[in-house]
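Below is my_file22.csv, which holds CSV, C-alpha atoms.
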```csv
chain,number,residue,atom,x,y,z
P,1,MET,CA,13.7,15.7,-109.1
P,2,PRO,CA,9.9,15.1,-108.8
P,3,PRO,CA,8.5,14.6,-105.3
P,4,PRO,CA,7.7,11.0,-104.2
P,5,GLY,CA,4.4,9.6,-105.3
P,6,ALA,CA,1.5,7.6,-103.9
P,7,GLU,CA,3.3,4.3,-103.9
P,8,HIS,CA,6.2,5.7,-102.0
P,9,GLY,CA,4.0,7.3,-99.4
P,10,SER,CA,1.8,4.3,-98.9
P,11,ILE,CA,4.7,1.8,-98.4
P,12,THR,CA,6.5,4.3,-96.1
P,13,ALA,CA,3.3,4.7,-94.0
P,14,ARG,CA,2.8,0.9,-93.7
P,15,LEU,CA,6.2,0.4,-92.1
P,16,SER,CA,6.5,3.6,-90.1
P,17,SER,CA,3.0,3.2,-88.6
P,18,ARG,CA,3.7,-0.3,-87.4
P,19,VAL,CA,7.1,0.7,-86.0
P,20,THR,CA,5.6,3.8,-84.3
P,21,ILE,CA,2.9,1.8,-82.6
P,22,TYR,CA,5.4,-0.7,-81.3
P,23,ILE,CA,7.7,2.0,-80.0
P,24,GLU,CA,4.8,3.9,-78.3
P,25,ASP,CA,3.4,0.7,-76.8
P,26,ASN,CA,6.8,-0.2,-75.4
P,27,GLU,CA,7.9,3.3,-74.4
P,28,LEU,CA,11.2,2.9,-76.3
P,29,GLY,CA,11.7,6.5,-77.5
P,30,GLU,CA,10.5,9.0,-80.1
P,31,CYS,CA,9.5,8.6,-83.8
P,32,PHE,CA,9.8,11.3,-86.4
P,33,ALA,CA,7.9,11.7,-89.6
P,34,ALA,CA,9.2,12.5,-93.0
P,35,GLU,CA,10.5,16.0,-93.4
P,36,THR,CA,12.0,16.1,-89.9
P,37,ARG,CA,15.4,17.5,-90.4
P,38,PHE,CA,18.6,16.2,-88.7
P,39,VAL,CA,21.9,18.0,-88.6
P,40,ILE,CA,24.4,15.2,-89.2
P,41,GLU,CA,27.6,17.3,-89.8
P,42,GLN,CA,28.6,20.7,-88.7
P,43,ASN,CA,30.9,23.4,-90.2
P,44,PRO,CA,29.4,23.4,-92.7
P,45,ASP,CA,26.0,22.0,-91.6
P,46,THR,CA,24.8,19.0,-93.4
P,47,VAL,CA,21.0,18.4,-93.0
P,48,LEU,CA,19.1,15.3,-94.0
P,49,ALA,CA,15.4,14.4,-93.8
P,50,PRO,CA,14.6,10.7,-93.8
P,51,ASP,CA,11.2,9.2,-94.6
P,52,PHE,CA,11.0,8.1,-91.0
P,53,ALA,CA,13.4,8.1,-88.0
P,54,PHE,CA,13.5,6.7,-84.4
P,55,ILE,CA,15.6,7.9,-81.5
P,56,SER,CA,15.8,5.8,-78.3
P,57,LYS,CA,14.6,7.4,-75.1
P,58,GLU,CA,18.2,7.1,-73.7
P,59,ARG,CA,19.5,9.3,-76.5
P,60,LEU,CA,16.7,11.9,-76.7
P,61,PRO,CA,17.4,15.5,-75.7
P,62,ALA,CA,15.7,16.5,-72.5
P,63,LYS,CA,13.4,18.8,-74.6
P,64,LEU,CA,12.8,18.4,-78.3
P,65,PRO,CA,13.8,21.5,-80.2
P,66,LYS,CA,11.4,23.4,-82.4
P,67,GLY,CA,14.1,23.4,-85.1
P,68,PHE,CA,16.4,20.8,-86.4
P,69,LEU,CA,17.6,17.9,-84.3
P,70,ARG,CA,21.4,17.7,-83.9
P,71,ILE,CA,21.6,14.0,-83.3
P,72,ALA,CA,21.6,11.0,-85.7
P,73,PRO,CA,18.6,8.7,-85.3
P,74,ASP,CA,19.0,5.2,-84.1
P,75,ILE,CA,16.9,3.9,-87.1
P,76,VAL,CA,16.4,5.7,-90.4
P,77,LEU,CA,14.0,4.6,-93.1
P,78,GLU,CA,14.5,5.7,-96.7
P,79,THR,CA,12.1,4.6,-99.3
P,80,ARG,CA,13.6,4.7,-102.8
P,81,SER,CA,11.8,7.0,-105.2
P,82,PRO,CA,11.7,6.2,-109.0
P,83,GLY,CA,14.1,9.1,-109.6
P,84,ASP,CA,16.7,8.0,-107.0
P,85,THR,CA,19.8,6.4,-108.5
P,86,LYS,CA,21.6,3.5,-106.6
P,87,ARG,CA,24.5,5.8,-106.1
P,88,GLU,CA,22.4,8.5,-104.5
P,89,VAL,CA,20.8,6.0,-102.2
P,90,SER,CA,24.2,4.5,-101.3
P,91,LEU,CA,25.6,7.9,-100.5
P,92,LYS,CA,22.7,8.8,-98.3
P,93,VAL,CA,23.0,5.5,-96.4
P,94,ALA,CA,26.7,6.0,-95.9
P,95,ARG,CA,26.1,9.5,-94.6
P,96,TRP,CA,23.5,8.3,-92.1
P,97,LEU,CA,25.8,5.5,-90.8
P,98,GLN,CA,28.8,7.8,-90.6
P,99,ALA,CA,26.7,10.2,-88.6
P,100,GLY,CA,25.9,7.4,-86.1
P,101,ALA,CA,22.7,5.8,-87.2
P,102,LYS,CA,22.6,2.2,-85.9
P,103,ILE,CA,20.3,0.9,-88.7
P,104,VAL,CA,19.3,2.3,-92.0
P,105,TRP,CA,16.4,0.5,-93.7
P,106,VAL,CA,16.0,1.1,-97.4
P,107,ILE,CA,12.7,0.1,-99.1
P,108,ASP,CA,12.8,-0.4,-102.9
P,109,PRO,CA,9.2,-0.6,-104.2
P,110,GLU,CA,10.4,-1.6,-107.6
P,111,THR,CA,12.2,-4.8,-106.4
P,112,ARG,CA,9.8,-5.2,-103.4
P,113,THR,CA,12.8,-5.5,-101.0
P,114,LEU,CA,14.0,-3.9,-97.9
P,115,THR,CA,17.7,-3.7,-97.3
P,116,VAL,CA,19.1,-3.5,-93.8
P,117,HIS,CA,22.3,-1.4,-93.5
P,118,ARG,CA,24.6,-1.4,-90.5
P,119,SER,CA,28.0,0.1,-90.1
P,120,GLY,CA,30.8,-2.4,-90.8
P,121,MET,CA,28.4,-5.1,-91.9
P,122,VAL,CA,27.3,-6.4,-95.3
P,123,PRO,CA,23.8,-5.1,-96.2
P,124,ARG,CA,21.1,-7.7,-95.8
P,125,ILE,CA,18.4,-7.8,-98.5
P,126,LEU,CA,15.0,-9.0,-97.3
P,127,GLY,CA,12.4,-10.2,-99.8
P,128,LEU,CA,8.8,-11.0,-99.6
P,129,GLU,CA,9.3,-14.2,-97.7
P,130,ASP,CA,11.6,-12.6,-95.1
P,131,MET,CA,10.9,-11.1,-91.7
P,132,LEU,CA,12.1,-7.7,-90.6
P,133,THR,CA,13.3,-7.4,-87.0
P,134,GLY,CA,14.3,-4.5,-84.9
P,135,GLU,CA,17.4,-6.3,-83.7
P,136,GLU,CA,18.8,-4.9,-80.4
P,137,VAL,CA,17.5,-1.4,-81.3
P,138,LEU,CA,13.8,-2.5,-81.2
P,139,PRO,CA,13.9,-5.7,-79.3
P,140,GLY,CA,10.9,-8.0,-80.1
P,141,PHE,CA,9.7,-6.0,-83.2
P,142,THR,CA,9.0,-8.2,-86.2
P,143,LEU,CA,7.2,-7.6,-89.5
P,144,PRO,CA,6.8,-9.8,-92.5
P,145,ILE,CA,8.2,-7.9,-95.6
P,146,ARG,CA,5.2,-9.1,-97.5
P,147,ARG,CA,3.0,-6.7,-95.4
P,148,LEU,CA,4.7,-3.7,-96.9
P,149,PHE,CA,3.6,-4.5,-100.4
P,150,ARG,CA,-0.2,-4.6,-100.7
P,151,ASP,CA,-0.2,-6.5,-104.0
P,152,ALA,CA,2.0,-9.2,-102.5
P,153,GLU,CA,-0.4,-10.1,-99.7
P,154,GLY,CA,-2.7,-12.9,-100.2
```

Could the structure of this file be written out as structure tokens, please?
Amino acid sequence: MPPPGAEHGSITARLSSRVTIYIEDNELGECFAAETRFVIEQNPDTVLAPDFAFISKERLPAKLPKGFLRIAPDIVLETRSPGDTKREVSLKVARWLQAGAKIVWVIDPETRTLTVHRSGMVPRILGLEDMLTGEEVLPGFTLPIRRLFRDAEG
């Protein structure tokens, strides 16, 4: 599978940078960039690397390891790449939720949507006119979905 391209990286950076600033300003926890590995199952180990992740300060280990984290993030962001099938994305979301992630955000650049996944709930699809919130995990955080897609602003 080809690596993600410029569109993928740009959209991911727009959301992750705004979330990171909010988290830092409010001292809510720690953010992790793409390629950070999380062990979500053991024996055998299953390791996933989201495009962005957040762990609340209450759940952070006392000291961050130099290696993989052995904890599921509170929020996971996955930006769909052109080569990702719906089935692959759904499987990854299910794995994150089963591991204990509270919220999984999936950005689809092609449809210009962000889908909010929560365990035991129907996914919510947010379009250009909708507002993303951090719910109880990031209280007070909001971002218009339109801001993620540069060609949609105006």

Which one of P:Ala53, P:Leu60, P:Val106, P:Ala101 sits closest to Val89 of chain P if you count all atoms listed in the file? P:Val106

Ranking P:Pro123, P:Arg118, P:Ile55, P:Pro109 by minimum distance to Ser10 of chain P and counting only C-alpha atoms, which one comes first?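 With only C-alpha atoms as the atom set, the closest residue is P:Pro109.
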
Residues within 10 Å of Phe32 of chain P, all atoms listed in the file, excluding chain neighbours under 5 positions, as a list in words: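 Using all atoms listed in the file, the neighbours found are Ser16, Thr20, Arg37, Ala49, Pro50, Asp51, Phe52, Ala53, Phe54, Ile55, Pro73 and Val76 of chain P.
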
Atom CA of Val93 of chain P sits from atom CA of Glu24 of chain P at a separation of 25.7 Å

Looking at P:Val47, P:Leu77, P:Ile145, P:Leu138, which one is nearest to His117 of chain P, with distances taken over all atoms listed in the file?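 Going through P:Val47, P:Leu77, P:Ile145, P:Leu138 one by one, the smallest distance to His117 of chain P is for P:Leu77.
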
Two-atom distance - atom CA of Gly29 of chain P, atom CA of Pro139 of chain P (Å):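 Calculated distance between atom CA of Gly29 of chain P and atom CA of Pro139 of chain P is 12.5 Å.
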
Counting all atoms listed in the file, what is within 9 Å of Trp96 of chain P, bar same-chain residues fewer than 5 positions away, as a VMD selection string? chain P and resid 40 48 72 to 73 76 91 101 to 104

Have a look at atom CA of Asp151 of chain P and atom CA of Val137 of chain P and let me know their distance in Å, one decimal. 29.2 Å

For Asn26 of chain P, the nearest of the candidates P:Ser56, P:His8, P:Arg124, P:Thr46, counting only C-alpha atoms: P:Ser56

Which of these residues is nearest to Thr36 of chain P, using all atoms listed in the file: P:Ile71, P:Leu128, P:Ile21, P:Ile11?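 Residue with the minimum atom-to-atom distance to Thr36 of chain P: P:Ile71.
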
Nearest to Glu35 of chain P by atom-to-atom distance, counting only C-alpha atoms, from P:Phe141, P:Trp105, P:Phe68, P:Phe149: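 Residue with the minimum atom-to-atom distance to Glu35 of chain P: P:Phe68.
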
Excluding Gly127 of chain P and residues on its chain fewer than 4 positions from it, collect all residues at most 10 Å away from it, counting only C-alpha atoms, and give them as number ranges by chain. P: 111-115, 131-132, 144-146

Restricted to C-alpha atoms, what would the selected residues look like written as a short mmCIF file (atom, residue, chain, number, x, y, z; two decimals), in the coordinates of the input?
```cif
data_model
loop_
_atom_site.label_atom_id
_atom_site.label_comp_id
_atom_site.auth_asym_id
_atom_site.auth_seq_id
_atom_site.Cartn_x
_atom_site.Cartn_y
_atom_site.Cartn_z
CA THR P 111 12.20 -4.80 -106.40
CA ARG P 112 9.80 -5.20 -103.40
CA THR P 113 12.80 -5.50 -101.00
CA LEU P 114 14.00 -3.90 -97.90
CA THR P 115 17.70 -3.70 -97.30
CA MET P 131 10.90 -11.10 -91.70
CA LEU P 132 12.10 -7.70 -90.60
CA PRO P 144 6.80 -9.80 -92.50
CA ILE P 145 8.20 -7.90 -95.60
CA ARG P 146 5.20 -9.10 -97.50
#
```

When you write segment 38-65 of chain P out from the block above, keep C-alpha atoms and present the result as a PDB file, in the first residue's frame, please.
```pdb
ATOM      1  CA  PHE P  38       0.361   1.604  20.900  1.00  0.00           C
ATOM      2  CA  VAL P  39       0.204  -2.020  22.051  1.00  0.00           C
ATOM      3  CA  ILE P  40      -3.538  -2.697  22.170  1.00  0.00           C
ATOM      4  CA  GLU P  41      -3.456  -6.488  22.675  1.00  0.00           C
ATOM      5  CA  GLN P  42      -0.927  -8.846  24.204  1.00  0.00           C
ATOM      6  CA  ASN P  43       0.004 -12.498  23.557  1.00  0.00           C
ATOM      7  CA  PRO P  44       0.452 -12.002  20.705  1.00  0.00           C
ATOM      8  CA  ASP P  45       1.120  -8.267  20.703  1.00  0.00           C
ATOM      9  CA  THR P  46      -1.031  -6.178  18.404  1.00  0.00           C
ATOM     10  CA  VAL P  47       0.460  -2.766  17.707  1.00  0.00           C
ATOM     11  CA  LEU P  48      -1.314   0.107  15.952  1.00  0.00           C
ATOM     12  CA  ALA P  49      -0.108   3.593  15.042  1.00  0.00           C
ATOM     13  CA  PRO P  50      -2.856   6.193  14.561  1.00  0.00           C
ATOM     14  CA  ASP P  51      -2.445   9.470  12.701  1.00  0.00           C
ATOM     15  CA  PHE P  52      -2.867  11.274  16.046  1.00  0.00           C
ATOM     16  CA  ALA P  53      -3.728  10.250  19.604  1.00  0.00           C
ATOM     17  CA  PHE P  54      -4.500  11.821  22.969  1.00  0.00           C
ATOM     18  CA  ILE P  55      -4.240  10.367  26.472  1.00  0.00           C
ATOM     19  CA  SER P  56      -5.729  12.268  29.422  1.00  0.00           C
ATOM     20  CA  LYS P  57      -3.360  13.235  32.232  1.00  0.00           C
ATOM     21  CA  GLU P  58      -5.260  10.971  34.645  1.00  0.00           C
ATOM     22  CA  ARG P  59      -4.414   7.920  32.509  1.00  0.00           C
ATOM     23  CA  LEU P  60      -0.836   8.767  31.553  1.00  0.00           C
ATOM     24  CA  PRO P  61       1.950   6.573  32.890  1.00  0.00           C
ATOM     25  CA  ALA P  62       4.168   8.328  35.451  1.00  0.00           C
ATOM     26  CA  LYS P  63       6.962   8.366  32.874  1.00  0.00           C
ATOM     27  CA  LEU P  64       6.514   7.995  29.133  1.00  0.00           C
ATOM     28  CA  PRO P  65       8.372   4.971  27.791  1.00  0.00           C
TER      29      PRO P  65
END
```
